[in-house]
Every structure is written in structure tokens, then in C-alpha cells.
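S.K.: The structure that follows is given in the form of C-alpha cells.
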Amino acid sequence: MFRNQYDTDVTVWSPQGRLHQVEYAMEAVKQGSACLGLTSKTHAVLCALKRSPNELGSYQEKIMKIDDHMGISIAGLTADARMLAKYMRTEALNHKYVYGTQLQANRLATDLADMHQRCTQSYVRRPYGVGMLIAAHDATGPHLMETSPSGNYFEYVAMAIGARSQSAKTYLEKHYQDFPAASVDDLIKHGLKALSGCITGDKELDVASVSVAIVGAGQAFEEVQGARLQAFLDAIEVEGDAAAPAPAGEPEAPADVPAPMDEGIA
Amino acid sequence: MRRRRRIALVGCCCACVTRATLATYSFSESLTHQLTKLVPDQAPLQGLHHTAAAALPQLSITINGNIPSLKQTNWKEQVSKRADGWQPYEDNGGTVVAVAGPDFVIIGADTRLSVNYNILSRKVTRIHGISGARTFIGTAGCWSDTQGLLKAMQGLVGDYEWQQQHSISTAALARLLSNVLYSRRSFPFYTHNIVAGLDREGAGAVYGYDPVGSFERVKVACVGGGRSLLQPIMDHLAGDQDSSLDRRKPLVSVSCDDALELVKEGFVAAAERDIAIGDEAEILVIDAQGVTRHRLALGTH
């Protein structure tokens, strides 16, 4: 991205009708590592690639539970993501306190989108630098929603965000018609296969660096970890048919820019 | 209020009761034997109790805006002493009992909801698990305050668990409840509470409360309307209370089955004497294996 003379404040339009600061915030999301979500008729699955700053460090958690029926996967500034997760958890708890029922995910998504928008129209605030995939299950079934720093949100059957997510999106576009009828196990395997195209170089998916979570009918939001996750990784290796690695043309961070994790992006 | 009722009851009891149906309490008698002896004989007595008590109205003189007036009141009714007659509290009955053992804890409560001489429900739950953890709060007293208190606790415990990334310990929950109760010192929750769960070492922990949050870890606790009936019985389990070790980690030394048996017998006996206790007793046994719910049928009169 090039510097423009209209990008100093979020409250300044460019002559082309763009808010550059908002677009720069969306760049932060693209710098985060890939995460994706997909839904069937009964369940929603989130998969994410975790990053660690170096071999000594632990992996940054990308998937956060919000309530029994809802969870998120994040890409971008983790500090912003933490604040938003705290907000969402408090809202869900408050709703339960006042109404005695679970907060409907799309209501929360709308609320979040409004929060994001407020930061794009204020002189004293900056946009949130995090994109989110919200996976939830309510009386109308499973849902997958994406929020972005611009304040827009959409609902998807399947979606991927973050670095090298195009390869995952290609896989999802190819197979999405199989998702509605898929079993939970198949859904997770699809997610992992889609995710495998987002890794750099010749590395492979492994239990330490992959996060998977499911939510659905009769299934509270829960992370799949350890041996259970390893079983899925072994299964997709046997089955093959993983996503093609990201094409060479896809933009990657230039070498002289500090690594994303140093700037708090995961 | 309670003392006046007892005097009235004793007054009519002496006149009415001659039979051995109000059997002396005995440890060795089996539970079923007691039940069959007591229940069939109780029905005719009930009518007599009711008439006798009604025939002894309580008279009280109230000052209402400096004009003294003679007012006939129901012995149990919470009378407002305010000029505007505002009375926000209502005693909906209930009795909660808990016992802390070396590797178990028992908490039980009756399920009858009443106001004055009327029954509002035969099947309410007075024992509530907080946020999925294996710690329970049993509450007797005003039902609306019970619900308000528990909602507040659920919200606060939810917050705690998100922040701490850990389910709340029994000791922490106990202190949290005390703080919530005291935060309403000027307009108390009219609730009598017991917190029961396993402590961090797996031993039973029982905490008893007053309505404004004073609390203490104890071996056995009874709160609510039946407290005066049940506390002396439960104290049989407590044994010698004096050792300093007891104060830090008070535990009974009987087995879980013996303690449970006494809790059950206690509820049956209390239900026979106190009109606010009855219908069913819900008793939970919490140990390392999990939570077991026992339901004990009590008299429905």
C-alpha cells in the first residue's frame, strides 16, 4: 500500500471516496494468520493456524469462547481482539442476567458492527484492527458471521480470513455444496484440508499450531484438542485432497517489514 | 414472631394430643417405620391445629401517624410498621441443611413454597448450582430475594470465570456471596444461605450465613424456618467442636451414609412439626465421583 495525502485521519475522505485508515485497518487483518469457518445444517466449525513469535514462545490463541452457544476466531491485532472478546462475553452474560436466555449471535454481531463503525467516524478513535469469524448456534440453526474493521458484517456458509486465506477460500468454494449434509467429523476434516493450503513453505499442520472448535445442536462451543485433534490430522493426511498451497502471486509481507507477531498481530 | 407462634401451638397441642403419634425421636427406628406410624394419624390432628390457632388471634397495638389503633393481625404475617404500609419482604419458608465430611458434602432443602398459611408451590428448588461448578448455594426465606440474589451471583461468577480462566473455588464463592449480601446492608436480601461444595483438597466445605453476609465455615449448618428443629439434631454429627483444627477445617467424622440418613430423618421429623416444611426434600450428595440427587417424600399436609 502506498502513502496518500488523505490517509492521516480516519475522518478524511479521499477524492476517490475511500477512507484509507479503515482500509489500512483491514490490512492488519490480512497480516494475521489464516482462520476459517464453515457450517453444515446442524453445526459450525472454526479452524485457525496459530503463530508463535519464536521457538521459545507459546502459540497465540486464535479461538475464543464467548458463551456456550457462541465462539470467535480472530485475525489481526490480538490486543484489540481481547477487548472485543471481553465485551462480547460481558454482553452475553448481561443478556442472560436480564432475559434468562442466550444472546442471539446476529444481534451481537450487529452490535459489534456498530461499535466498529463508530470508530470510523470519530476524530479521537482508531478503527479496531481485528477481523472476526463468529460461529454460533441458536434456534434458527448454526451461523457463521464475519466482522471487519470497516463496520460491515456478513453471514456466510463458509469463509476464510487472514494471510494466504485465498487458498482456503478456493477450497471452500469448490466443496461448499457438500457441507450442509456433512457430519461433524467430515466438516472438521474439510476445515483442516482448507487450512492446509494456508501454511508457508513445506511445513505441515500439527497439533500445536492448529486450533479447531465446534458448536451446534446439542454441542456447546468446545475446542478440539490433543489426541482428538491429532486423529483428524492423521485422517486428512490419509485422505489427501488437501487445498493447493497459496499461489505465488498472493501478496506477502515484504522482507524489511517487522514480523507481524512483533507488532501484536496473530 | 416465631416465639409467639410456638406458644400458641403448645397451647392447643396440650389440649389436643394424647396419642403416641408424635413419637419420640429415636436414632434406632427405621425411617419407613416412622413414616407409616405418623402419616395416617396426622390427618385428624391437622384440622384441630388449624382451628385452635385461628381461635387465638394475636392482638397488637400499632402507632399509625400518632393515632393509636387496635389491629388484629395474623401471627405469621409480616406487619409493616411504616405509615405508608410498605412491606417489601415476605417469608416464603424453606429450610436448608448441610453437612461437611472428609470427602463428601451433603446439602438438602425442602421444596415447599408458602406464605402465611398458604402453599404457593410444592416443588421449588432451593439448592442452586452456580455456573456449572460443583458448588451449590441453598437459600431459604423470601423467594423474590432468592431469585434476585442468585441472578446476581450467576452474573458475578460468570465474570470471575472469564477473568480467571478457571471455575470458582468453594472458598471464593463463599466470600463472594458474603460480599454481595453485605453490599445490600441497608436493604438486605431476606435470605438465609448455605454454601456447600468440595474445597481445593477435596474435603467437604459448608458455610452458613446470616441475611447480611456474616459467614463461617462449619461442620453442619441449618438455616431457615426449621433451623431450631434441625440444628440440635444435626449437631449430633458435629461432636466436639472445640479443637482449633476444627475451626480451620471443620469436618464431621461420620460416614456419608450415616450423615445422609440423619439428614433424611431430620427432614421427616421437621415436616411433622412445622407447617412450612413438607412435600419433598431434595438432598444432594457431592463427592469426588460427582453429584447425586436424592428425593425424599415428606407429608403433604
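Following the order of the C-alpha cells, chains are lettered A, B, ..., residues in each are numbered from 1, and ligands are numbered from 1.
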Please determine the contact residues of chain A with respect to chain B at a cut-off of 8 Å, counting only C-alpha atoms, and supply them as a list in words.

M.R.: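 So the residues of chain A near chain B are Arg89, Thr90, Leu93, Asn94 and Tyr97 of chain A.
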
S.K.: Residues within 7 Å of region 1-16 of chain A, please, as a list in words. Count only C-alpha atoms; anything in the same chain fewer than 5 positions from it doesn't count.

M.R.: Gln21, Val22, Thr120, Gln121, Ser122 and Tyr123 of chain A

S.K.: Based on the selection just made, write C-alpha atoms of those residues as a PDB file, in the first residue's frame.

M.R.:
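And here is the file that came out, selection04.pdb:
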```
ATOM      1  CA  GLN A  21      -7.381   4.490   7.552  1.00  0.00           C
ATOM      2  CA  VAL A  22     -10.189   1.944   7.508  1.00  0.00           C
ATOM      3  CA  THR A 120     -14.554   5.044  11.655  1.00  0.00           C
ATOM      4  CA  GLN A 121     -16.425   8.260  12.241  1.00  0.00           C
ATOM      5  CA  SER A 122     -14.631   9.686  15.218  1.00  0.00           C
ATOM      6  CA  TYR A 123     -11.666  12.001  15.367  1.00  0.00           C
TER       7      TYR A 123
END
```

S.K.: Could you check how far CA of Leu112 (chain A) sits from CA of Asn152 (chain A), in Å to one decimal?

M.R.: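 Going from CA of Leu112 (chain A) over to CA of Asn152 (chain A), I get 9.5 Å.
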
S.K.: Neighbouring residues of Asp80 (chain A) were defined as those with any atom within 10 Å, considering only C-alpha atoms; residues of the same chain fewer than 3 positions away were excluded. Please report them as a list of chain:residue names.

M.R.: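 Here the qualifying residues turn out to be A:Ile74, A:Gly76, A:Leu77, A:Met83, A:Leu84, A:Ala85, A:Lys86, A:Pro127, A:Tyr128, A:Gly129, A:Val130, A:Gly131, A:Gly264, A:Ile265.
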
S.K.: Please produce a file of those selected residues containing N, CA and C atoms, as a PDB file, in the first residue's frame.

M.R.:
```
ATOM      1  N   ILE A  74     -10.118 -15.112  15.498  1.00  0.00           N
ATOM      2  CA  ILE A  74      -9.690 -13.750  15.196  1.00  0.00           C
ATOM      3  C   ILE A  74      -8.471 -13.725  14.284  1.00  0.00           C
ATOM      4  N   GLY A  76      -5.628 -10.566  13.262  1.00  0.00           N
ATOM      5  CA  GLY A  76      -5.278  -9.153  13.352  1.00  0.00           C
ATOM      6  C   GLY A  76      -4.662  -8.848  14.707  1.00  0.00           C
ATOM      7  N   LEU A  77      -4.909  -7.635  15.202  1.00  0.00           N
ATOM      8  CA  LEU A  77      -4.326  -7.206  16.479  1.00  0.00           C
ATOM      9  C   LEU A  77      -4.951  -7.983  17.628  1.00  0.00           C
ATOM     10  N   MET A  83     -10.039  -7.238  23.790  1.00  0.00           N
ATOM     11  CA  MET A  83     -11.029  -6.274  24.283  1.00  0.00           C
ATOM     12  C   MET A  83     -12.403  -6.597  23.738  1.00  0.00           C
ATOM     13  N   LEU A  84     -12.461  -6.938  22.447  1.00  0.00           N
ATOM     14  CA  LEU A  84     -13.757  -7.248  21.840  1.00  0.00           C
ATOM     15  C   LEU A  84     -14.333  -8.529  22.435  1.00  0.00           C
ATOM     16  N   ALA A  85     -13.478  -9.521  22.684  1.00  0.00           N
ATOM     17  CA  ALA A  85     -13.967 -10.766  23.283  1.00  0.00           C
ATOM     18  C   ALA A  85     -14.525 -10.495  24.678  1.00  0.00           C
ATOM     19  N   LYS A  86     -13.812  -9.644  25.439  1.00  0.00           N
ATOM     20  CA  LYS A  86     -14.295  -9.303  26.779  1.00  0.00           C
ATOM     21  C   LYS A  86     -15.661  -8.632  26.690  1.00  0.00           C
ATOM     22  N   PRO A 127      -9.877   2.765  14.143  1.00  0.00           N
ATOM     23  CA  PRO A 127     -10.646   1.530  13.940  1.00  0.00           C
ATOM     24  C   PRO A 127      -9.993   0.357  14.659  1.00  0.00           C
ATOM     25  N   TYR A 128     -10.805  -0.635  15.031  1.00  0.00           N
ATOM     26  CA  TYR A 128     -10.271  -1.874  15.588  1.00  0.00           C
ATOM     27  C   TYR A 128      -9.513  -2.607  14.485  1.00  0.00           C
ATOM     28  N   GLY A 129      -8.330  -3.120  14.804  1.00  0.00           N
ATOM     29  CA  GLY A 129      -7.538  -3.788  13.775  1.00  0.00           C
ATOM     30  C   GLY A 129      -7.701  -5.286  13.776  1.00  0.00           C
ATOM     31  N   VAL A 130      -8.934  -5.758  13.931  1.00  0.00           N
ATOM     32  CA  VAL A 130      -9.111  -7.216  14.005  1.00  0.00           C
ATOM     33  C   VAL A 130     -10.359  -7.626  13.250  1.00  0.00           C
ATOM     34  N   GLY A 131     -10.208  -8.700  12.478  1.00  0.00           N
ATOM     35  CA  GLY A 131     -11.360  -9.295  11.818  1.00  0.00           C
ATOM     36  C   GLY A 131     -11.747 -10.543  12.577  1.00  0.00           C
ATOM     37  N   GLY A 264       2.176  -7.438  17.412  1.00  0.00           N
ATOM     38  CA  GLY A 264       0.968  -7.821  18.123  1.00  0.00           C
ATOM     39  C   GLY A 264      -0.126  -8.363  17.221  1.00  0.00           C
ATOM     40  N   ILE A 265       0.242  -8.803  16.022  1.00  0.00           N
ATOM     41  CA  ILE A 265      -0.765  -9.339  15.103  1.00  0.00           C
ATOM     42  C   ILE A 265      -0.622 -10.850  15.044  1.00  0.00           C
TER      43      ILE A 265
END
```

S.K.: For CA of Gln225 (chain A) and CA of Glu237 (chain A), determine how far apart the two atoms are, in Å to one decimal place.

M.R.: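 Value for the CA of Gln225 (chain A)-CA of Glu237 (chain A) distance: 17.4 Å.
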
S.K.: Find the residues around Ser228 (chain B) up to 12 Å (only C-alpha atoms counted), leave out those fewer than 5 positions away in its own chain, and share them as a compact mmCIF listing (two decimals) with C-alpha atoms, in the first residue's frame.

M.R.:
```txt
# COMPACT_ATOMS: atom_id res chain seq x y z
CA ARG B 2 -41.51 -17.32 65.84
CA ARG B 3 -41.70 -17.49 69.62
CA ARG B 6 -44.72 -21.69 69.30
CA THR B 95 -35.21 -24.97 55.40
CA VAL B 96 -31.72 -25.84 54.18
CA VAL B 97 -29.36 -28.27 55.87
CA ALA B 221 -25.36 -25.85 59.08
CA CYS B 222 -29.12 -25.35 59.18
CA VAL B 223 -30.92 -22.23 58.06
CA ILE B 233 -30.32 -32.90 65.68
CA MET B 234 -27.57 -32.17 63.17
CA ASP B 235 -25.27 -31.17 66.00
CA GLY B 266 -34.36 -34.88 60.31
CA ALA B 270 -39.25 -31.44 60.99
CA ARG B 273 -43.85 -30.39 63.38
CA ASP B 274 -43.52 -27.32 61.17
```

S.K.: Between A:Ala163, A:Glu155, A:Lys189, A:Ser209, which one has atoms that come closest to Ala231 (chain A), using only C-alpha atoms?

M.R.: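 Nearest candidate to Ala231 (chain A) out of A:Ala163, A:Glu155, A:Lys189, A:Ser209: A:Lys189.
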
S.K.: Per DSSP on the backbone, what are the alpha helix (DSSP H) residues of region 99-222 of chain B, as a ChimeraX atom specification?

M.R.: /B:143-164,170-182

S.K.: Extract, using only C-alpha atoms, all DNA, RNA and protein residues at most 12 Å from Arg134 (chain B), discarding same-chain residues fewer than 5 positions from it, and format them as a PyMOL selection string.

M.R.: chain B and resi 104-107+127-129+167-170+173+195-200+202+204-205+284-292

S.K.: I want to know what sits within 9 Å of Gly141 (chain A), based on only C-alpha atoms, with residues of the same chain fewer than 2 positions away left out; could you give that as a PyMOL selection string?

M.R.: chain A and resi 41-43+136-139+143+216-217

S.K.: Could you name the residues that touch Asn54 (chain A) at 12 Å or less, counting only C-alpha atoms, but leaving out those on the same chain fewer than 6 positions away, as a VMD selection string?

M.R.: chain A and resid 60 259 to 262
